[in-house]
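Written out below as structure tokens is the structure these notes cover.
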Amino acid sequence: MTLRAFRQTPWGRPQVLVGCAILLAILAAALFAPLLFPEGPWPAVGTPYTPPFQSTATPLGTDTLGRDVVAGLLYGARVSLIVAVAATAAAIAVGILIGAIAGYVQGWVDDFLMRITEIFQTPPNFIFVIALVVILKPSIGAIIGAIAVVSWPPIARLVRAEFMSLRNREFVLSCRLVGVPPAKIIFAEILPNCLSPVIVTSSIMVATAVLLEAGLSFLGLGDPNVISWGGMVAIGRPALRSAPYLSVFPGIAIFVTVIAINLVGEALNETFDPRRRRR
Amino acid sequence: MSRYAIFLLRRLAQACIIVVGIVCVNFAVVHLAPGDLAEVMAGQGGGGDAGYVALLRERFGLDQPLWVQFQRYALNLLRLDLGYSFKDNMPVATLIADKLAATAILMIASLGTAFLLGIGLGTLAAVRHNSLSDVVISLLALIGYATPLFWLGLLLILLFTVKLGWLPSSGMRTIGVPVSGLAGVLDVARHAVMPVLTLTVFYMAVFIRLMRASVLNVASLDFVRTAYAKGMSRRQAYTNHVVGNALLPMITMLGVNAGGILGGSVVVETVFGWPGLGRLTFDAIFARDVNLLLGILFCSSLLVVITNLVTDLFSAWIDPRIEVSA
Amino acid sequence: MSFTRRNVVAGFAAAGLAGVAMPAVVSRAYAATPKKGGLLRMWIAEPVMLTGAFNSTGQIYEISGKLFDGLARYDFDLNPKPQLALSWDISADGKSITFKLRPGVKWHDGKPFTASDVQFSALKVWKELHPRGRSTYRYLADVEVPDALTAIFKFERPSPYVMNSLASVESQILPRHLYEGTDILTNPANLKPIGTGPFKFKEWQRGQYIIFERNPDYWDAPKPYLDGVVMVIIPDAASRAVALEAGELDVAGAIPVPLADAHRLAGLPTLEIPVQGSEALAFQAFMELNLRRPYFQDVRVRRAMYHAIDRNFVRKSIYFDFAKAATGPISYENAKFYTADVPQYEFSIAKANALLDEAGMKRQGDGLRFKITHDPLPAGDHFSRTGDYFKQQMAQLGIAVDIRNQDFPTYYRRVYKDYDFDTTSTGAFGLTDPTVGIQRFYWSKNIVPGVAFSNGSGYNSAEADKALEDAQTEVDPTKRAGLFRDFQKIVMTDLPLFPIADARYITIKSKTVMNIEVDPLGAHGSFAEAYLAR
């Protein structure tokens, strides 16, 4: 592909490139945090409440207990991304499984699975997450699990709809005629054809998961053994007047990440959306 | 029987199954949480002795086996009795009714504003696709989406209460000054501005993005091109054909969000001390007030099921392309 | 910080003169005449009911004392002073207390207040239904009522701590005519109380506010000075801080905002934090250790860990000097029983590591000695901050700490029922008497699974038990104080719990609010004397 041709694709647009660059930078920060701060984000390295840009050792200042805000941000990137990606991945896996079976098998199985999906979709989302985290006791795993539990139903419905429209296409019928086992038809034949809307939806889910985790931290249900951006905003928030930087920096981090994910998500959308491709 | 009636009956039957399922799931979830109301109340009271906890547990019916408790709960529900909140010393139905208005004001005002703004700004962004206004609107939507509400809320309070002194920081009414009539309405409105604004920012992001995508999508469809071919102006084409058709997914989304109204917004209600159902639910979870929690979950689930039903029927009615079947 | 001179003077004046005898003088000591009128706006966490006769939740403690008077109130030395009881006479064997009641006191519904109300409340409410009353009045055999204004408490054995537990909030008298023969726990009057106090219940809008109005027939006329008190419910701490700053709230007690922000608010020209008014609560933050764990059974390990906790850092960076570094199980605020003459554990990481080596807790290959969990009480920023700090400090000893967050019910179950914890940051009111407030954490007979704020550590010392039990029945105040001094030495030697900070249960108030810190309950008091100077 020539440079000019690349510029024509959604991926060649400047904002998408910026989005990709930001995401890569965040990934790098998350990956290299332990190299830059082998001690982790916890040890006190300076006087509590050192403002930012005052000391070269702690360029973005220190928190209530004298911990380095930069270290917190880098380690926070790890946790926020792990939570978001893992929860989304789990939701997609469950959603695809249920949606695919329901859409392919149809009949009472479909009925049954769809009722279950609706039951999970019915309680108020955030309250359901809170209840689940309380039951599982707040930890990174519980938070990921709870977010996944409320996030899979839309995926399941989406996949089911795609399957219902694809299952009677010729390529599927011919597979059935020659006796390909249903599992293989589902996962090898139909699924690849309906992944694009799933991928597009998941970019939103990743952003939502970062925010859900922040909301949980605000209500005191975060995992205290890890530092996350949401947790930093939540903990720094009461000191918004005396030490605004404590919640502003992680807030900006969340914001920039969500925007980057969205920009990339848009590009994905345009790349994969069959209707737009047609144009 | 008409196809429509069969569709309706089928959906109703499904709705009933879901409600029964939800009752069971809720009960299970609520009882899975460690600890119970008796321990919480004894704990908040600073301790007590073992006899005191046992006494409370017996009072609350928590000493019974779980299946007996479920039986009681289910029987009460059949009689439309939501039970008694031992934490708040009130019937659950009364407690919910108390907070219903506050939650409805907050949620309907913010959903409605966000919906209308979403249609306007989303259409504008789509019409001026890839122009500066599109970028600005899309960015605004993203900012709204990416800002944690508990943080945005506090910023608004700092601006409007502390710096400008225009709006009260929390609550729903001015206390101690009994006002009624128009003055009362205005008083509530003043208190509602910031919480509604905070929630609107969040919902608006969703609606703008959806509307923009939907308009772009519809505008590329064949019938719109036909309209252009027939000599219709761009403005006419949009007002007559595009916007109306683009509203369909918006209405579905509105339905989804309207169903969740009774969940309230725990975060916004916490920040602004808004006396709604979200906060009531949150407190009920933290106090293990099983009856109250089950009552709220039941009511809000019921509303979701009903709105889903209505949205489905409505969509089927305005868009004949939607198959009237399962 | 705002230790204004006026405040300090007010505090001392009140300390000397508080009590029913000369309340007018107290006021005159620093303000010509109290101003009448005005609504006082006070923050409160939403309570579940408005009477504290059988529910001692913190916010009910703050609320109900304004609706109900008690038999006695307390001065700053925590000595009882007459309130509804004019006088009392304790028999030589300590087994009988005769209260002479104040004549002419009326319930808010106009019915007279009599000894029969006291009798009913003591026997049917406190002794049976109050979480602490069940032990405070355990040996109360009967209450005799020879006439309408005399109540004689008869005990099976001396219970000297009863004289320290007579404040309205701890032993609240309910109107017999509304409660007798009913289900006390669900009596409608619990939500719309009829009391004897300076304020009457008017309205409760759930999730929003509770309004009390002036009781015009209060026995101590011309008090109360305020037209009423509005309790505003604001669940978010940061929003409360803003409401105080914007002048939307006049008073907020019970550590209403994170302490970092309290520090900032105290610096504003309109607000102040009184230095007095939490003595009767004597709050202490401490850590409980689960002594059932093998590594905590060696006292050297416990001492080592305590040596590694810099309580002055905690005082400064977590409590922002709204506390003193704790030295023992009893808070300095309870001056009657507190002693500093106990074993001291200065901050020294080196000493801590040496003690651990001596105890045979070898560092493994990864530098770790052992791993423990830590559960902060989910009731405020300061406990989780303390947990974070604990984690940092223990890391320097080679002890890995895994912090666990949870909500209240899970916490109670883990720490006080399943004993599924290693260490916890928590805190409690020491109250006016160690038998009532402190004993519960140290007495071996209080190892009762399923009871929150009992002896969760599993500490079982015959010596400590003896001191505590002797103090339960010792009638001579001097000897009794001596027994508690012994107790403090014993537990600071054994160190089953780590006292961290004697934190003032601070109140933030507008400078226009006067006379709320006139007794050791502060914002938890009756507000009969309070007024607004604006």
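In the structure tokens, each chain is lettered A, B, ... as it comes, each chain's residues begin at 1, and ligands are numbered from 1 in order of appearance.
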Open item on the list: With only C-alpha atoms as the counted atoms, please give the residues lying no more than 12 Å from Val267 (chain B), apart from itself and same-chain residues fewer than 3 positions off, as number ranges by chain.
Closed with: A: 126-127, 130, 211-212, 214-220, 234; B: 148-154, 195, 198-199, 263-264, 270-282; C: 235-236
As JSON, numbers by chain, could you give me every residue of chain B near chain C (at most 8 Å apart, counting only C-alpha atoms)?
{"B": [33, 34, 35, 36, 37, 39, 40, 42, 43, 44, 45, 46, 47, 48, 49, 50, 52, 53, 87, 88, 89, 98, 154, 157, 158, 161, 162, 165, 168, 169, 170, 171, 172, 175, 176, 270, 271, 272, 273, 274, 275, 276, 286, 287, 288]}
Write the residues of the preceding selection, restricted to N, CA and C atoms, as a CSV table (one decimal), in the first residue's frame.
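The result, written out as result_28.csv:
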```
chain,number,residue,atom,x,y,z
B,33,ALA,N,-24.4,-12.7,49.8
B,33,ALA,CA,-23.5,-11.8,50.5
B,33,ALA,C,-23.3,-12.2,51.9
B,34,PRO,N,-22.0,-12.1,52.3
B,34,PRO,CA,-21.7,-12.4,53.7
B,34,PRO,C,-22.3,-11.4,54.7
B,35,GLY,N,-22.7,-11.9,55.9
B,35,GLY,CA,-23.3,-11.1,56.9
B,35,GLY,C,-24.7,-10.9,56.8
B,36,ASP,N,-25.4,-10.5,57.8
B,36,ASP,CA,-26.8,-10.2,57.7
B,36,ASP,C,-27.2,-8.9,58.5
B,37,LEU,N,-28.5,-8.5,58.3
B,37,LEU,CA,-28.9,-7.3,58.9
B,37,LEU,C,-28.7,-7.2,60.5
B,39,GLU,N,-26.4,-8.7,62.3
B,39,GLU,CA,-25.0,-8.4,62.6
B,39,GLU,C,-24.7,-6.9,62.3
B,40,VAL,N,-25.2,-6.4,61.2
B,40,VAL,CA,-24.9,-5.0,60.9
B,40,VAL,C,-25.5,-4.1,62.0
B,42,ALA,N,-26.3,-4.7,65.0
B,42,ALA,CA,-25.6,-4.9,66.3
B,42,ALA,C,-24.2,-4.2,66.2
B,43,GLY,N,-23.6,-4.4,65.1
B,43,GLY,CA,-22.3,-3.8,64.9
B,43,GLY,C,-22.3,-2.3,64.9
B,44,GLN,N,-23.3,-1.7,64.2
B,44,GLN,CA,-23.4,-0.2,64.2
B,44,GLN,C,-23.7,0.3,65.6
B,45,GLY,N,-24.4,-0.5,66.3
B,45,GLY,CA,-24.7,-0.1,67.7
B,45,GLY,C,-23.6,-0.2,68.6
B,46,GLY,N,-22.4,-0.6,68.1
B,46,GLY,CA,-21.2,-0.7,68.9
B,46,GLY,C,-21.1,-2.0,69.6
B,47,GLY,N,-21.7,-3.0,69.1
B,47,GLY,CA,-21.4,-4.3,69.7
B,47,GLY,C,-22.7,-5.0,70.3
B,48,GLY,N,-22.7,-5.1,71.6
B,48,GLY,CA,-23.8,-5.9,72.2
B,48,GLY,C,-23.3,-7.3,72.5
B,49,ASP,N,-24.2,-8.1,72.9
B,49,ASP,CA,-23.7,-9.5,73.2
B,49,ASP,C,-24.4,-10.5,72.2
B,50,ALA,N,-24.0,-11.7,72.3
B,50,ALA,CA,-24.5,-12.7,71.4
B,50,ALA,C,-26.1,-12.8,71.4
B,52,TYR,N,-28.1,-10.5,72.0
B,52,TYR,CA,-28.7,-9.3,71.3
B,52,TYR,C,-28.8,-9.6,69.8
B,53,VAL,N,-27.8,-10.2,69.2
B,53,VAL,CA,-27.8,-10.5,67.8
B,53,VAL,C,-28.8,-11.6,67.5
B,87,LYS,N,-34.4,-2.3,58.8
B,87,LYS,CA,-33.4,-1.2,59.0
B,87,LYS,C,-34.1,0.1,59.2
B,88,ASP,N,-35.0,0.4,58.3
B,88,ASP,CA,-35.6,1.8,58.3
B,88,ASP,C,-37.0,1.8,59.1
B,89,ASN,N,-37.4,0.6,59.6
B,89,ASN,CA,-38.6,0.6,60.4
B,89,ASN,C,-39.8,1.1,59.6
B,98,ASP,N,-41.7,6.9,48.7
B,98,ASP,CA,-41.1,8.2,49.2
B,98,ASP,C,-40.0,8.7,48.2
B,154,LEU,N,-18.3,17.1,41.6
B,154,LEU,CA,-17.7,17.9,42.5
B,154,LEU,C,-17.2,19.2,41.9
B,157,ILE,N,-20.0,21.6,41.7
B,157,ILE,CA,-20.3,22.2,43.0
B,157,ILE,C,-19.3,23.3,43.3
B,158,LEU,N,-18.1,23.0,43.0
B,158,LEU,CA,-17.1,24.1,43.3
B,158,LEU,C,-17.4,25.3,42.5
B,161,THR,N,-21.5,26.5,43.4
B,161,THR,CA,-21.8,26.8,44.8
B,161,THR,C,-20.7,27.7,45.5
B,162,VAL,N,-19.5,27.2,45.4
B,162,VAL,CA,-18.4,27.9,46.2
B,162,VAL,C,-18.0,29.2,45.5
B,165,GLY,N,-21.8,30.9,43.9
B,165,GLY,CA,-22.8,31.0,44.9
B,165,GLY,C,-24.2,31.1,44.3
B,168,PRO,N,-27.5,25.7,45.3
B,168,PRO,CA,-27.3,24.9,46.5
B,168,PRO,C,-26.5,23.6,46.1
B,169,SER,N,-25.6,23.2,47.0
B,169,SER,CA,-24.7,22.1,46.7
B,169,SER,C,-25.4,20.8,46.8
B,170,SER,N,-26.4,20.6,47.7
B,170,SER,CA,-26.9,19.3,47.8
B,170,SER,C,-28.4,19.3,48.3
B,171,GLY,N,-29.0,18.2,48.3
B,171,GLY,CA,-30.4,18.1,48.7
B,171,GLY,C,-31.3,18.4,47.6
B,172,MET,N,-32.6,18.4,47.9
B,172,MET,CA,-33.7,18.5,46.9
B,172,MET,C,-34.5,19.7,47.2
B,175,ILE,N,-34.3,23.6,53.2
B,175,ILE,CA,-34.9,23.0,54.4
B,175,ILE,C,-35.3,24.1,55.4
B,176,GLY,N,-36.4,23.8,56.1
B,176,GLY,CA,-36.8,24.8,57.1
B,176,GLY,C,-37.7,25.9,56.6
B,270,THR,N,-25.2,10.3,45.4
B,270,THR,CA,-24.3,10.4,46.6
B,270,THR,C,-23.6,11.8,46.6
B,271,VAL,N,-23.1,12.2,45.4
B,271,VAL,CA,-22.4,13.5,45.3
B,271,VAL,C,-23.3,14.7,45.7
B,272,PHE,N,-24.6,14.6,45.2
B,272,PHE,CA,-25.5,15.8,45.4
B,272,PHE,C,-26.5,15.6,46.5
B,273,GLY,N,-26.3,14.5,47.3
B,273,GLY,CA,-27.3,14.3,48.4
B,273,GLY,C,-28.7,14.2,47.9
B,274,TRP,N,-28.9,13.7,46.7
B,274,TRP,CA,-30.2,13.7,46.1
B,274,TRP,C,-30.9,12.4,46.6
B,275,PRO,N,-32.1,12.6,47.2
B,275,PRO,CA,-32.7,11.5,48.0
B,275,PRO,C,-33.4,10.5,47.1
B,276,GLY,N,-32.7,9.8,46.2
B,276,GLY,CA,-33.3,8.9,45.3
B,276,GLY,C,-33.1,7.5,45.6
B,286,PHE,N,-25.5,-2.3,51.7
B,286,PHE,CA,-24.5,-2.2,52.7
B,286,PHE,C,-25.0,-2.5,54.1
B,287,ALA,N,-26.3,-2.5,54.3
B,287,ALA,CA,-26.9,-2.9,55.6
B,287,ALA,C,-27.4,-4.3,55.5
B,288,ARG,N,-27.3,-4.9,54.3
B,288,ARG,CA,-27.9,-6.2,54.1
B,288,ARG,C,-29.4,-6.2,54.5
```
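Interface residues of chain B facing chain A, defined by any atom at most 7 Å away and using only C-alpha atoms, are B:Ile18, B:Gly21, B:Ile22, B:Leu32, B:Ala33, B:Pro34, B:Leu142, B:Ala146, B:Thr147, B:Pro148, B:Trp151, B:Gly260, B:Gly263, B:Ile285, B:Leu297, B:Ser300, B:Ser301, B:Val304.
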Generate a file of the selected residues that holds C-alpha atoms, formatted as a PDB file, in the first residue's frame.
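So again.pdb came out as:
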```pdb
ATOM      1  CA  ILE B  18     -38.261 -13.304  33.130  1.00  0.00           C
ATOM      2  CA  GLY B  21     -36.400 -15.758  36.998  1.00  0.00           C
ATOM      3  CA  ILE B  22     -35.398 -12.349  38.319  1.00  0.00           C
ATOM      4  CA  LEU B  32     -25.036 -14.916  48.943  1.00  0.00           C
ATOM      5  CA  ALA B  33     -23.536 -11.773  50.452  1.00  0.00           C
ATOM      6  CA  PRO B  34     -21.726 -12.420  53.719  1.00  0.00           C
ATOM      7  CA  LEU B 142     -16.242  11.982  24.417  1.00  0.00           C
ATOM      8  CA  ALA B 146     -14.806   9.877  29.748  1.00  0.00           C
ATOM      9  CA  THR B 147     -15.157  12.019  32.864  1.00  0.00           C
ATOM     10  CA  PRO B 148     -15.953  10.109  36.034  1.00  0.00           C
ATOM     11  CA  TRP B 151     -15.430  14.018  39.821  1.00  0.00           C
ATOM     12  CA  GLY B 260     -33.151   1.610  34.175  1.00  0.00           C
ATOM     13  CA  GLY B 263     -31.933   2.104  39.459  1.00  0.00           C
ATOM     14  CA  ILE B 285     -26.856  -3.478  50.115  1.00  0.00           C
ATOM     15  CA  LEU B 297     -34.718  -4.816  42.574  1.00  0.00           C
ATOM     16  CA  SER B 300     -36.893  -1.814  38.865  1.00  0.00           C
ATOM     17  CA  SER B 301     -36.755  -5.166  37.062  1.00  0.00           C
ATOM     18  CA  VAL B 304     -37.307  -2.816  32.653  1.00  0.00           C
TER      19      VAL B 304
END
```
- request: Up to 7 Å from chain C, what residues of chain A turn up? Count only C-alpha atoms and give them as a PyMOL selection string.
  value: chain A and resi 42-43+64-65+134+137-138+221+223-225+238-239+242
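Interatomic distance, CA of Asp110 (chain A) to CA of Ser196 (chain A): 22.4 Å.
The coordinates place CA of Ala29 (chain A) at 8.1 Å from CA of Tyr75 (chain A).
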| said: Can you pull out the residues contacting Asp68 (chain A)? Cut-off 12 Å, using only C-alpha atoms, and skip same-chain residues under 2 positions away; I want them as an MDAnalysis selection string. | reply: chainID A and resid 37 39:52 55:66 70:76 227 232 246
### Message
Based on the backbone DSSP call, show me all residues of region 230-297 of chain C assigned strand (DSSP E), as a ChimeraX atom specification.
### Response
/C:230-233,251-252,271-272,283-289
Can I get the selected residues back with all heavy atoms, as a compact mmCIF listing (two decimals), in the first residue's frame?
```
# COMPACT_ATOMS: atom_id res chain seq x y z
N VAL C 230 -32.10 21.65 62.32
CA VAL C 230 -32.35 20.89 61.11
C VAL C 230 -31.16 19.97 60.88
O VAL C 230 -30.03 20.40 60.82
CB VAL C 230 -32.47 21.80 59.87
CG1 VAL C 230 -32.79 20.98 58.65
CG2 VAL C 230 -33.52 22.85 60.11
N MET C 231 -31.44 18.68 60.81
CA MET C 231 -30.38 17.72 60.54
C MET C 231 -30.40 17.43 59.05
O MET C 231 -31.37 16.88 58.53
CB MET C 231 -30.66 16.43 61.29
CG MET C 231 -31.02 16.64 62.73
SD MET C 231 -29.57 16.35 63.70
CE MET C 231 -30.17 16.73 65.32
N VAL C 232 -29.33 17.80 58.36
CA VAL C 232 -29.28 17.64 56.92
C VAL C 232 -28.51 16.36 56.58
O VAL C 232 -27.46 16.11 57.15
CB VAL C 232 -28.59 18.84 56.26
CG1 VAL C 232 -28.81 18.81 54.76
CG2 VAL C 232 -29.11 20.13 56.85
N ILE C 233 -29.05 15.59 55.67
CA ILE C 233 -28.40 14.33 55.30
C ILE C 233 -27.62 14.52 54.00
O ILE C 233 -28.20 14.78 52.95
CB ILE C 233 -29.45 13.22 55.16
CG1 ILE C 233 -30.09 12.97 56.53
CG2 ILE C 233 -28.83 11.95 54.61
CD1 ILE C 233 -31.49 12.48 56.47
N VAL C 251 -23.06 23.21 61.55
CA VAL C 251 -22.31 22.28 62.39
C VAL C 251 -22.24 20.93 61.71
O VAL C 251 -23.21 20.48 61.11
CB VAL C 251 -23.02 22.08 63.76
CG1 VAL C 251 -22.25 21.07 64.61
CG2 VAL C 251 -23.17 23.37 64.51
N ALA C 252 -21.09 20.29 61.79
CA ALA C 252 -20.98 18.91 61.37
C ALA C 252 -20.05 18.20 62.32
O ALA C 252 -18.90 18.60 62.49
CB ALA C 252 -20.48 18.81 59.93
N LEU C 271 -15.02 29.31 59.61
CA LEU C 271 -15.20 28.04 60.30
C LEU C 271 -14.17 27.85 61.40
O LEU C 271 -13.13 28.48 61.41
CB LEU C 271 -15.08 26.88 59.29
CG LEU C 271 -16.08 26.86 58.15
CD1 LEU C 271 -15.74 25.75 57.17
CD2 LEU C 271 -17.49 26.69 58.68
N GLU C 272 -14.50 26.93 62.32
CA GLU C 272 -13.53 26.57 63.34
C GLU C 272 -13.79 25.16 63.83
O GLU C 272 -14.86 24.59 63.61
CB GLU C 272 -13.59 27.56 64.51
CG GLU C 272 -14.91 27.54 65.24
CD GLU C 272 -15.02 28.67 66.26
OE1 GLU C 272 -14.05 29.42 66.42
OE2 GLU C 272 -16.07 28.79 66.89
N PHE C 283 -12.55 8.72 71.68
CA PHE C 283 -12.35 7.83 70.53
C PHE C 283 -10.88 7.44 70.40
O PHE C 283 -9.99 8.25 70.60
CB PHE C 283 -12.79 8.55 69.26
CG PHE C 283 -12.67 7.73 68.02
CD1 PHE C 283 -13.60 6.74 67.74
CD2 PHE C 283 -11.61 7.91 67.15
CE1 PHE C 283 -13.49 5.96 66.61
CE2 PHE C 283 -11.50 7.14 66.01
CZ PHE C 283 -12.44 6.16 65.74
N GLN C 284 -10.64 6.19 70.08
CA GLN C 284 -9.27 5.76 69.81
C GLN C 284 -9.22 4.90 68.55
O GLN C 284 -10.06 4.02 68.35
CB GLN C 284 -8.71 4.95 70.98
CG GLN C 284 -7.25 4.56 70.75
CD GLN C 284 -6.65 3.79 71.90
OE1 GLN C 284 -6.96 2.64 72.11
NE2 GLN C 284 -5.78 4.45 72.66
N ALA C 285 -8.22 5.18 67.71
CA ALA C 285 -7.96 4.31 66.56
C ALA C 285 -6.89 3.31 66.99
O ALA C 285 -5.90 3.69 67.61
CB ALA C 285 -7.47 5.13 65.38
N PHE C 286 -7.11 2.04 66.71
CA PHE C 286 -6.13 1.03 67.10
C PHE C 286 -6.13 -0.10 66.09
O PHE C 286 -6.94 -0.12 65.16
CB PHE C 286 -6.44 0.50 68.51
CG PHE C 286 -7.83 -0.03 68.70
CD1 PHE C 286 -8.13 -1.36 68.42
CD2 PHE C 286 -8.85 0.80 69.15
CE1 PHE C 286 -9.41 -1.86 68.59
CE2 PHE C 286 -10.14 0.31 69.33
CZ PHE C 286 -10.42 -1.02 69.04
N MET C 287 -5.16 -1.01 66.25
CA MET C 287 -5.14 -2.19 65.41
C MET C 287 -5.38 -3.40 66.28
O MET C 287 -4.84 -3.51 67.38
CB MET C 287 -3.79 -2.34 64.71
CG MET C 287 -3.59 -1.38 63.58
SD MET C 287 -2.05 -1.74 62.75
CE MET C 287 -1.90 -0.24 61.79
N GLU C 288 -6.20 -4.30 65.76
CA GLU C 288 -6.41 -5.54 66.48
C GLU C 288 -5.63 -6.63 65.75
O GLU C 288 -5.60 -6.68 64.53
CB GLU C 288 -7.90 -5.89 66.48
CG GLU C 288 -8.45 -6.10 67.86
CD GLU C 288 -9.96 -6.33 67.90
OE1 GLU C 288 -10.69 -5.66 67.15
OE2 GLU C 288 -10.38 -7.18 68.67
N LEU C 289 -4.98 -7.51 66.52
CA LEU C 289 -4.24 -8.62 65.92
C LEU C 289 -4.96 -9.91 66.24
O LEU C 289 -5.48 -10.08 67.35
CB LEU C 289 -2.82 -8.70 66.51
CG LEU C 289 -1.77 -7.82 65.84
CD1 LEU C 289 -2.05 -6.37 66.10
CD2 LEU C 289 -0.39 -8.21 66.33
```
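With only C-alpha atoms as the atoms that count, the minimum distance from Ala77 (chain A) to the choices A:Ser228, A:Ser165, A:Gln106, A:Thr2 is reached by A:Ser228.
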